[in-house]
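A.B. asks: model.cif is reproduced below (mmCIF, C-alpha atoms and all ligand atoms).
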data_final
#
loop_
_atom_site.label_atom_id
_atom_site.label_comp_id
_atom_site.auth_asym_id
_atom_site.auth_seq_id
_atom_site.Cartn_x
_atom_site.Cartn_y
_atom_site.Cartn_z
CA MET A 1 -13.83 6.29 -15.90
CA ARG A 2 -14.65 7.46 -19.42
CA GLU A 3 -14.37 11.24 -19.58
CA ILE A 4 -11.43 13.43 -18.70
CA PRO A 5 -12.68 16.73 -17.20
CA ARG A 6 -11.93 19.69 -19.49
CA ASP A 7 -10.54 21.84 -16.70
CA LEU A 8 -8.08 19.06 -15.89
CA ILE A 9 -6.78 19.01 -19.46
CA LYS A 10 -6.50 22.81 -19.29
CA GLY A 11 -4.63 22.52 -15.97
CA LEU A 12 -2.22 19.96 -17.44
CA ARG A 13 -1.69 22.07 -20.57
CA GLU A 14 -1.06 25.30 -18.69
CA GLY A 15 0.82 23.97 -15.65
CA GLN A 16 4.34 25.28 -15.07
CA ASN A 17 5.31 23.65 -11.83
CA VAL A 18 4.23 20.05 -11.46
CA ALA A 19 4.92 17.40 -8.83
CA VAL A 20 3.93 13.74 -9.00
CA LEU A 21 3.74 11.28 -6.11
CA THR A 22 3.65 7.58 -6.95
CA GLY A 23 3.13 4.41 -4.95
CA ALA A 24 3.06 0.69 -5.62
CA GLY A 25 -0.14 0.97 -7.71
CA VAL A 26 1.74 2.68 -10.55
CA SER A 27 3.76 -0.51 -11.05
CA ALA A 28 0.85 -2.93 -10.57
CA GLU A 29 0.10 -3.22 -14.30
CA SER A 30 3.78 -4.00 -14.89
CA GLY A 31 3.37 -7.01 -12.57
CA VAL A 32 4.93 -5.69 -9.33
CA PRO A 33 2.80 -6.70 -6.33
CA THR A 34 1.40 -3.89 -4.15
CA PHE A 35 1.72 -4.00 -0.36
CA ARG A 36 -1.87 -3.68 0.82
CA GLY A 37 -5.16 -5.02 -0.52
CA GLN A 38 -6.22 -8.59 -1.37
CA GLU A 39 -3.04 -9.69 -3.14
CA GLY A 40 -0.72 -7.34 -1.24
CA LEU A 41 2.72 -8.43 -0.01
CA TRP A 42 1.86 -7.50 3.58
CA LYS A 43 -1.01 -10.03 3.48
CA ARG A 44 1.49 -12.86 2.93
CA TYR A 45 4.65 -11.56 4.60
CA SER A 46 5.29 -9.82 7.88
CA PRO A 47 6.97 -6.40 7.58
CA GLN A 48 8.31 -6.84 11.13
CA GLU A 49 10.16 -10.04 10.12
CA LEU A 50 11.43 -8.78 6.76
CA ALA A 51 11.60 -5.01 6.57
CA THR A 52 13.01 -3.65 9.82
CA PRO A 53 16.58 -3.08 11.03
CA GLN A 54 15.85 -5.51 13.91
CA ALA A 55 14.83 -8.26 11.46
CA PHE A 56 18.06 -7.74 9.50
CA ALA A 57 20.21 -7.80 12.67
CA GLN A 58 18.52 -11.03 13.77
CA ASP A 59 18.47 -12.90 10.46
CA PRO A 60 20.24 -11.15 7.56
CA LYS A 61 20.02 -14.28 5.39
CA LEU A 62 16.22 -14.45 5.65
CA VAL A 63 15.84 -10.75 4.88
CA TRP A 64 18.22 -11.03 1.92
CA GLU A 65 16.41 -14.09 0.56
CA TRP A 66 13.22 -12.07 0.52
CA TYR A 67 14.87 -9.10 -1.26
CA ASP A 68 16.63 -11.43 -3.69
CA TRP A 69 13.23 -12.99 -4.50
CA ARG A 70 11.71 -9.53 -5.06
CA ARG A 71 14.66 -8.56 -7.28
CA SER A 72 14.13 -11.69 -9.39
CA LEU A 73 10.43 -10.83 -9.67
CA ILE A 74 11.03 -7.23 -10.77
CA ALA A 75 14.09 -7.75 -13.03
CA PRO A 76 12.23 -8.88 -16.18
CA LEU A 77 9.36 -6.38 -15.80
CA GLU A 78 8.87 -3.36 -18.04
CA PRO A 79 7.44 0.08 -17.31
CA ASN A 80 3.79 0.54 -18.25
CA ALA A 81 1.94 3.48 -19.82
CA ALA A 82 1.72 5.29 -16.47
CA HIS A 83 5.51 5.26 -16.01
CA ARG A 84 5.93 6.42 -19.60
CA PHE A 85 3.32 9.15 -19.21
CA ILE A 86 5.07 10.49 -16.10
CA ALA A 87 8.43 10.41 -17.93
CA ALA A 88 6.84 12.35 -20.81
CA LEU A 89 5.35 14.93 -18.43
CA GLU A 90 8.83 15.63 -17.06
CA LYS A 91 9.89 16.99 -20.46
CA ARG A 92 6.89 19.27 -20.67
CA TYR A 93 7.28 21.43 -17.57
CA PRO A 94 10.03 23.86 -16.58
CA HIS A 95 9.62 22.81 -12.94
CA PHE A 96 8.94 19.17 -12.27
CA LEU A 97 9.65 16.59 -9.61
CA LEU A 98 8.63 12.95 -9.38
CA ILE A 99 8.44 11.74 -5.80
CA THR A 100 8.25 7.97 -5.67
CA GLN A 101 7.80 5.59 -2.78
CA ASN A 102 8.70 2.71 -5.08
CA ILE A 103 12.05 0.96 -4.97
CA ASP A 104 11.64 -0.99 -8.23
CA GLY A 105 13.49 1.39 -10.57
CA LEU A 106 10.73 1.24 -13.23
CA HIS A 107 10.38 5.04 -13.41
CA GLN A 108 14.05 5.32 -14.41
CA LYS A 109 13.60 2.47 -16.89
CA ALA A 110 10.80 4.56 -18.48
CA GLY A 111 13.15 7.56 -18.77
CA SER A 112 12.38 9.62 -15.65
CA THR A 113 15.39 11.58 -14.43
CA ARG A 114 13.99 14.35 -12.22
CA LEU A 115 12.96 12.14 -9.33
CA VAL A 116 13.51 11.42 -5.67
CA GLU A 117 13.20 7.94 -4.24
CA LEU A 118 11.78 8.33 -0.76
CA HIS A 119 12.22 4.66 0.16
CA GLY A 120 15.48 3.92 -1.66
CA ASN A 121 16.17 1.50 -4.51
CA ILE A 122 16.23 -2.29 -4.53
CA TRP A 123 19.03 -2.28 -7.17
CA LYS A 124 21.45 -0.58 -4.77
CA LEU A 125 23.37 -2.16 -1.89
CA ARG A 126 24.86 -0.35 1.09
CA CYS A 127 27.76 -1.40 3.30
CA THR A 128 26.59 -1.62 6.91
CA GLU A 129 30.03 -0.47 8.13
CA GLU A 130 31.21 2.11 5.61
CA GLY A 131 27.82 3.39 4.42
CA THR A 132 29.02 3.23 0.80
CA VAL A 133 26.34 2.59 -1.82
CA ARG A 134 26.85 0.56 -5.01
CA ASP A 135 24.65 -0.45 -7.95
CA ASP A 136 24.05 -4.18 -8.15
CA LYS A 137 21.67 -5.65 -10.70
CA ARG A 138 22.73 -9.29 -10.36
CA VAL A 139 19.82 -11.74 -10.19
CA PRO A 140 20.04 -13.91 -8.24
CA LEU A 141 22.79 -12.58 -6.01
CA PRO A 142 25.73 -15.03 -6.07
CA GLN A 143 26.06 -15.02 -2.29
CA ILE A 144 23.47 -14.47 0.42
CA PRO A 145 23.94 -12.43 2.47
CA PRO A 146 26.31 -10.39 0.26
CA LEU A 147 29.48 -8.94 1.81
CA CYS A 148 31.40 -5.74 1.09
CA ASP A 149 34.39 -6.29 -1.28
CA ASN A 150 36.28 -3.60 0.53
CA CYS A 151 35.84 -4.35 4.23
CA GLY A 152 34.02 -7.69 4.38
CA ALA A 153 31.07 -6.28 6.37
CA LEU A 154 27.48 -7.17 5.58
CA LEU A 155 25.80 -5.36 2.72
CA ARG A 156 22.14 -4.41 3.08
CA PRO A 157 19.52 -3.35 0.55
CA HIS A 158 19.67 0.45 0.08
CA VAL A 159 16.02 0.81 1.05
CA VAL A 160 14.20 2.42 3.94
CA TRP A 161 12.84 -0.05 6.47
CA PHE A 162 10.10 0.51 9.02
CA GLY A 163 11.38 2.60 11.89
CA GLU A 164 14.14 4.21 9.80
CA PRO A 165 14.26 7.86 8.79
CA LEU A 166 13.79 8.87 5.16
CA PRO A 167 16.82 10.24 3.30
CA PRO A 168 16.81 13.92 4.36
CA ASP A 169 17.72 15.30 0.92
CA ALA A 170 14.91 13.38 -0.81
CA LEU A 171 12.47 14.42 1.87
CA ASN A 172 13.42 18.11 1.63
CA ARG A 173 13.18 18.16 -2.14
CA ALA A 174 9.80 16.44 -1.99
CA MET A 175 8.50 18.87 0.61
CA GLU A 176 9.66 21.88 -1.41
CA ALA A 177 8.03 20.52 -4.56
CA ALA A 178 4.73 19.94 -2.71
CA GLU A 179 4.80 23.49 -1.38
CA ASP A 180 5.77 25.18 -4.66
CA CYS A 181 3.86 23.27 -7.35
CA ASP A 182 0.67 24.42 -9.03
CA LEU A 183 -0.40 20.89 -9.95
CA PHE A 184 0.14 17.79 -7.80
CA LEU A 185 -0.55 14.33 -9.24
CA VAL A 186 -0.96 11.29 -6.98
CA VAL A 187 -0.84 7.91 -8.68
CA GLY A 188 -1.37 4.50 -7.09
CA THR A 189 -0.73 5.06 -3.42
CA SER A 190 -2.96 4.03 -0.54
CA GLY A 191 -2.01 7.25 1.26
CA VAL A 192 -1.45 5.64 4.64
CA VAL A 193 2.34 5.79 5.00
CA TYR A 194 3.77 9.10 6.19
CA PRO A 195 5.35 11.46 5.41
CA ALA A 196 4.53 10.73 1.73
CA ALA A 197 0.82 10.60 2.51
CA ALA A 198 0.95 14.22 3.75
CA PHE A 199 2.31 15.74 0.50
CA PRO A 200 -1.03 16.03 -1.36
CA GLN A 201 -2.56 17.86 1.62
CA ILE A 202 0.50 20.14 1.84
CA ALA A 203 0.25 20.89 -1.89
CA GLN A 204 -3.47 21.59 -1.65
CA SER A 205 -3.02 23.90 1.35
CA HIS A 206 -0.43 25.82 -0.73
CA LYS A 207 -3.11 26.26 -3.44
CA ALA A 208 -2.05 23.53 -5.84
CA LYS A 209 -4.70 21.56 -7.66
CA VAL A 210 -4.51 17.86 -6.87
CA LEU A 211 -5.28 15.00 -9.26
CA GLU A 212 -5.54 11.45 -7.93
CA ILE A 213 -5.53 8.32 -10.10
CA ASN A 214 -6.46 5.11 -8.28
CA PRO A 215 -9.07 2.37 -8.75
CA GLU A 216 -9.98 2.82 -5.06
CA GLU A 217 -10.70 5.97 -3.09
CA THR A 218 -8.08 6.72 -0.41
CA PRO A 219 -7.66 9.16 2.49
CA ILE A 220 -6.12 11.51 -0.13
CA THR A 221 -9.29 11.60 -2.25
CA SER A 222 -10.89 14.19 0.03
CA VAL A 223 -8.24 16.83 -0.83
CA THR A 224 -8.32 16.29 -4.59
CA THR A 225 -9.58 18.65 -7.25
CA TRP A 226 -10.02 15.70 -9.60
CA TYR A 227 -10.24 12.02 -8.79
CA LEU A 228 -9.94 9.68 -11.78
CA LYS A 229 -11.07 6.22 -10.76
CA GLY A 230 -9.18 3.57 -12.67
CA LYS A 231 -5.91 1.77 -13.30
CA ALA A 232 -2.91 4.04 -13.68
CA GLY A 233 -1.83 2.72 -17.09
CA GLU A 234 -5.30 2.98 -18.58
CA VAL A 235 -6.06 6.43 -17.19
CA CYS A 236 -2.61 7.77 -18.17
CA GLN A 237 -3.10 6.51 -21.71
CA MET A 238 -6.33 8.52 -21.91
CA LEU A 239 -4.61 11.60 -20.48
CA ALA A 240 -1.74 11.22 -22.96
CA ARG A 241 -4.20 11.07 -25.86
CA ALA A 242 -6.05 14.14 -24.58
CA LEU A 243 -2.72 16.03 -24.35
CA ASP A 244 -1.33 14.69 -27.66
CA LEU A 245 1.60 13.29 -25.75
CA PRO A 246 3.24 10.35 -27.52
CA LEU A 247 4.11 7.54 -25.10
CA GLY A 248 5.97 5.13 -27.36
CA GLY A 249 6.43 1.59 -26.05
P1 LIG B 1 -0.03 0.17 -1.12
O1 LIG B 1 0.08 -1.27 -1.42
O2 LIG B 1 -0.30 0.59 0.28
O3 LIG B 1 -1.19 0.81 -2.02
C1 LIG B 1 -1.27 0.57 -3.37
C2 LIG B 1 -2.33 1.47 -3.95
O4 LIG B 1 -2.35 1.27 -5.36
C3 LIG B 1 -3.77 1.19 -3.45
O5 LIG B 1 -4.39 2.42 -3.13
C4 LIG B 1 -4.45 0.55 -4.66
O6 LIG B 1 -5.85 0.87 -4.75
C5 LIG B 1 -3.69 1.19 -5.79
N1 LIG B 1 -3.67 0.42 -7.04
C6 LIG B 1 -3.72 -0.92 -7.24
N2 LIG B 1 -3.64 -1.21 -8.55
C7 LIG B 1 -3.53 -0.04 -9.20
C8 LIG B 1 -3.40 0.34 -10.58
N3 LIG B 1 -3.37 -0.56 -11.57
N4 LIG B 1 -3.30 1.66 -10.86
C9 LIG B 1 -3.32 2.59 -9.88
N5 LIG B 1 -3.43 2.30 -8.59
C10 LIG B 1 -3.54 1.01 -8.24
O7 LIG B 1 1.30 0.86 -1.69
P2 LIG B 1 1.94 2.28 -1.32
O8 LIG B 1 0.90 3.29 -1.13
O9 LIG B 1 3.02 2.51 -2.29
O10 LIG B 1 7.02 1.20 2.28
O11 LIG B 1 2.59 1.94 0.08
C11 LIG B 1 3.40 2.90 0.70
C12 LIG B 1 4.55 2.24 1.40
O12 LIG B 1 4.05 1.21 2.27
C13 LIG B 1 5.51 1.49 0.48
O13 LIG B 1 6.47 2.33 -0.11
C14 LIG B 1 6.13 0.50 1.40
C15 LIG B 1 4.89 0.03 2.11
O14 LIG B 1 5.07 -0.54 3.37
C16 LIG B 1 8.15 0.63 2.70
O15 LIG B 1 8.47 -0.51 2.40
C17 LIG B 1 8.98 1.50 3.57
#
Please express what this file holds, its structure, as structure tokens.
C.D. replies:
Amino acid sequence: MREIPRDLIKGLREGQNVAVLTGAGVSAESGVPTFRGQEGLWKRYSPQELATPQAFAQDPKLVWEWYDWRRSLIAPLEPNAAHRFIAALEKRYPHFLLITQNIDGLHQKAGSTRLVELHGNIWKLRCTEEGTVRDDKRVPLPQIPPLCDNCGALLRPHVVWFGEPLPPDALNRAMEAAEDCDLFLVVGTSGVVYPAAAFPQIAQSHKAKVLEINPEETPITSVTTWYLKGKAGEVCQMLARALDLPLGG
């Protein structure tokens, strides 16, 4: 990918209401493994054994060991140019929402504040009895599985597992943004996990222009106005240059 289409730059300059959907690919250049593809986590680990409520009920220690390992992997990593570009876009538009499927917290580390986390956050723990949520950035966790200070019940990662509903507030805000935006950016998602995978189509059917950035074509590519083939960090750096948007870092 060498050239940025002129009408895309115009669209990004003139946009007023922008939504961005990100998936694991946006964090790949930071060193976070994706789920699918050659090196994907789901090639080496079974989601049924590690990322379902049944798996946690059966073997909370095993599930926690896996999340503790992922936390230790992510903790030292830094946001890349794509995270920083998306954080810079947020400041540019009166209406903006970042919808992320990622749980790694790298968007916030890059400065994003107007965001919804559809699948939760690996740096938050939730009491299985009281439902209370707390921040916890300790790596490694001192005790596995961790227990609630207040009631002694098991704590679980505050993430969405297979078979669980998405947080309704995040889902509603994401849906509204997809319906209302004039520009919808999709960065680094395989577009196979719903409902997130439906948002680009919803945006397009409400007349938004859709930009996809991904080294591989996906089921979303067919609804795009522009498809920029390439790595998120590299493509976003080019877009930032074309828009005179300083990225720092
Ligand atoms: P996937 O692993 O399914 O897809 C990653 C996407 O990123 C693929 O389309 C890759 O081509 C693309 N990609 C890889 N490197 C990239 C790069 N440097 N720049 C841009 N794109 C790149 O991840 P998601 O689509 O996020 O859910 O997966 C969706 C959900 O499935 C996840 O949130 C997770 C998973 O099971 C839960 O755990 C609930």
A.B. asks: How would you write as a list in words the residues that get within 12 Å of (-16.2, 7.1, -8.5) in the file's frame, counting all atoms listed in the file?
C.D. replies: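 Answer for this query, in the requested form: Met1, Arg2, Glu3, Glu212, Ile213, Asn214, Pro215, Glu216, Glu217, Thr218, Thr221, Trp226, Tyr227, Leu228, Lys229 and Gly230 of chain A.
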A.B. asks: List the spatial neighbours of segment 27-42 of chain A as a PDB file with C-alpha atoms, in the coordinates of the input - criterion: any atom at most 10 Å away, all atoms listed in the file, same-chain residues fewer than 2 positions off excluded.
C.D. replies:
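File part-v9.pdb, as written:
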ATOM      1  CA  THR A  22       3.650   7.580  -6.950  1.00  0.00           C
ATOM      2  CA  GLY A  23       3.130   4.410  -4.950  1.00  0.00           C
ATOM      3  CA  ALA A  24       3.060   0.690  -5.620  1.00  0.00           C
ATOM      4  CA  GLY A  25      -0.140   0.970  -7.710  1.00  0.00           C
ATOM      5  CA  ARG A  44       1.490 -12.860   2.930  1.00  0.00           C
ATOM      6  CA  TYR A  45       4.650 -11.560   4.600  1.00  0.00           C
ATOM      7  CA  SER A  46       5.290  -9.820   7.880  1.00  0.00           C
ATOM      8  CA  PRO A  47       6.970  -6.400   7.580  1.00  0.00           C
ATOM      9  CA  GLN A  48       8.310  -6.840  11.130  1.00  0.00           C
ATOM     10  CA  ARG A  70      11.710  -9.530  -5.060  1.00  0.00           C
ATOM     11  CA  LEU A  73      10.430 -10.830  -9.670  1.00  0.00           C
ATOM     12  CA  ILE A  74      11.030  -7.230 -10.770  1.00  0.00           C
ATOM     13  CA  PRO A  76      12.230  -8.880 -16.180  1.00  0.00           C
ATOM     14  CA  LEU A  77       9.360  -6.380 -15.800  1.00  0.00           C
ATOM     15  CA  GLU A  78       8.870  -3.360 -18.040  1.00  0.00           C
ATOM     16  CA  PRO A  79       7.440   0.080 -17.310  1.00  0.00           C
ATOM     17  CA  ASN A  80       3.790   0.540 -18.250  1.00  0.00           C
ATOM     18  CA  ALA A  81       1.940   3.480 -19.820  1.00  0.00           C
ATOM     19  CA  ALA A  82       1.720   5.290 -16.470  1.00  0.00           C
ATOM     20  CA  HIS A  83       5.510   5.260 -16.010  1.00  0.00           C
ATOM     21  CA  ASN A 102       8.700   2.710  -5.080  1.00  0.00           C
ATOM     22  CA  ASP A 104      11.640  -0.990  -8.230  1.00  0.00           C
ATOM     23  CA  GLY A 105      13.490   1.390 -10.570  1.00  0.00           C
ATOM     24  CA  LEU A 106      10.730   1.240 -13.230  1.00  0.00           C
ATOM     25  CA  HIS A 107      10.380   5.040 -13.410  1.00  0.00           C
ATOM     26  CA  VAL A 187      -0.840   7.910  -8.680  1.00  0.00           C
ATOM     27  CA  GLY A 188      -1.370   4.500  -7.090  1.00  0.00           C
ATOM     28  CA  THR A 189      -0.730   5.060  -3.420  1.00  0.00           C
ATOM     29  CA  SER A 190      -2.960   4.030  -0.540  1.00  0.00           C
ATOM     30  CA  LYS A 231      -5.910   1.770 -13.300  1.00  0.00           C
ATOM     31  CA  ALA A 232      -2.910   4.040 -13.680  1.00  0.00           C
ATOM     32  CA  GLY A 233      -1.830   2.720 -17.090  1.00  0.00           C
ATOM     33  CA  GLU A 234      -5.300   2.980 -18.580  1.00  0.00           C
TER      34      GLU A 234
END
A.B. asks: Could you give me, as a compact mmCIF listing (two decimals) with C-alpha atoms, in the frame of the given file, the residues within 6 Å of Leu98 of chain A, counting all atoms listed in the file and dropping anything in the same chain fewer than 4 positions from it?
C.D. replies:
# COMPACT_ATOMS: atom_id res chain seq x y z
CA ALA A 19 4.92 17.40 -8.83
CA VAL A 20 3.93 13.74 -9.00
CA LEU A 115 12.96 12.14 -9.33
A.B. asks: Around all of ligand LIG 1 (chain B)'s listed atoms, make the axis-aligned box with 3 Å on each side and tell me centre and edge lengths in Å to one decimal, as lines of an AutoDock Vina configuration file.
C.D. replies:
center_x = 1.6
center_y = 1.0
center_z = -4.0
size_x = 20.8
size_y = 10.6
size_z = 21.1
A.B. asks: If I take atom CA of Leu21 of chain A and atom CA of Arg92 of chain A, how far is one from the other in Å, to one decimal?
C.D. replies: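 Those two atoms sit 16.9 Å apart.
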A.B. asks: So, with all atoms listed in the file as the atoms that count, which of A:His119, A:His206, A:Arg173, A:His158 lies closest to ligand LIG 1 (chain B)?
C.D. replies: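 The closest residue to ligand LIG 1 (chain B) is A:His119.
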A.B. asks: So, counting all atoms listed in the file, which residue among A:Val116, A:Val26, A:Val63, A:Leu89 is closest to ligand LIG 1 (chain B)?
C.D. replies: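 Among the listed residues, A:Val26 lies closest to ligand LIG 1 (chain B).
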A.B. asks: Given the choices A:Ala198, A:Ala242, A:Leu118, A:Met175, which gets closest to ligand LIG 1 (chain B) if the distance is worked out from only C-alpha atoms and all ligand atoms?
C.D. replies: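 The answer is A:Leu118, which sits nearest to ligand LIG 1 (chain B).
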A.B. asks: Gly191 of chain A: which residues within 7 Å, counting all atoms listed in the file, same-chain residues fewer than 6 positions away excluded, as an MDAnalysis selection string?
C.D. replies: chainID A and resid 197 218:220
A.B. asks: Compile the contact shell of Ala178 of chain A as a list in words: residues with an atom at most 9 Å away, counting all atoms listed in the file, same-chain residues fewer than 5 positions apart removed.
C.D. replies: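 Close residues of Ala178 of chain A: Val18, Ala19, Val20, Arg173, Leu183, Phe184, Phe199, Pro200, Gln201, Ile202, Ala203, Gln204, His206 and Ala208 of chain A.
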A.B. asks: Please report the interatomic distance between atom CA of Trp123 of chain A and atom O5 of ligand LIG 1 (chain B) in Å with one decimal.
C.D. replies: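 Result for atom CA of Trp123 of chain A versus atom O5 of ligand LIG 1 (chain B): 24.2 Å, one decimal.
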A.B. asks: Counting all atoms listed in the file, select every polymer residue within 10 Å of (2.6, 9.0, -27.6) as defined in the file's coordinates, and provide the selection as an MDAnalysis selection string.
C.D. replies: chainID A and resid 81 84:85 88 237 240:241 243:249
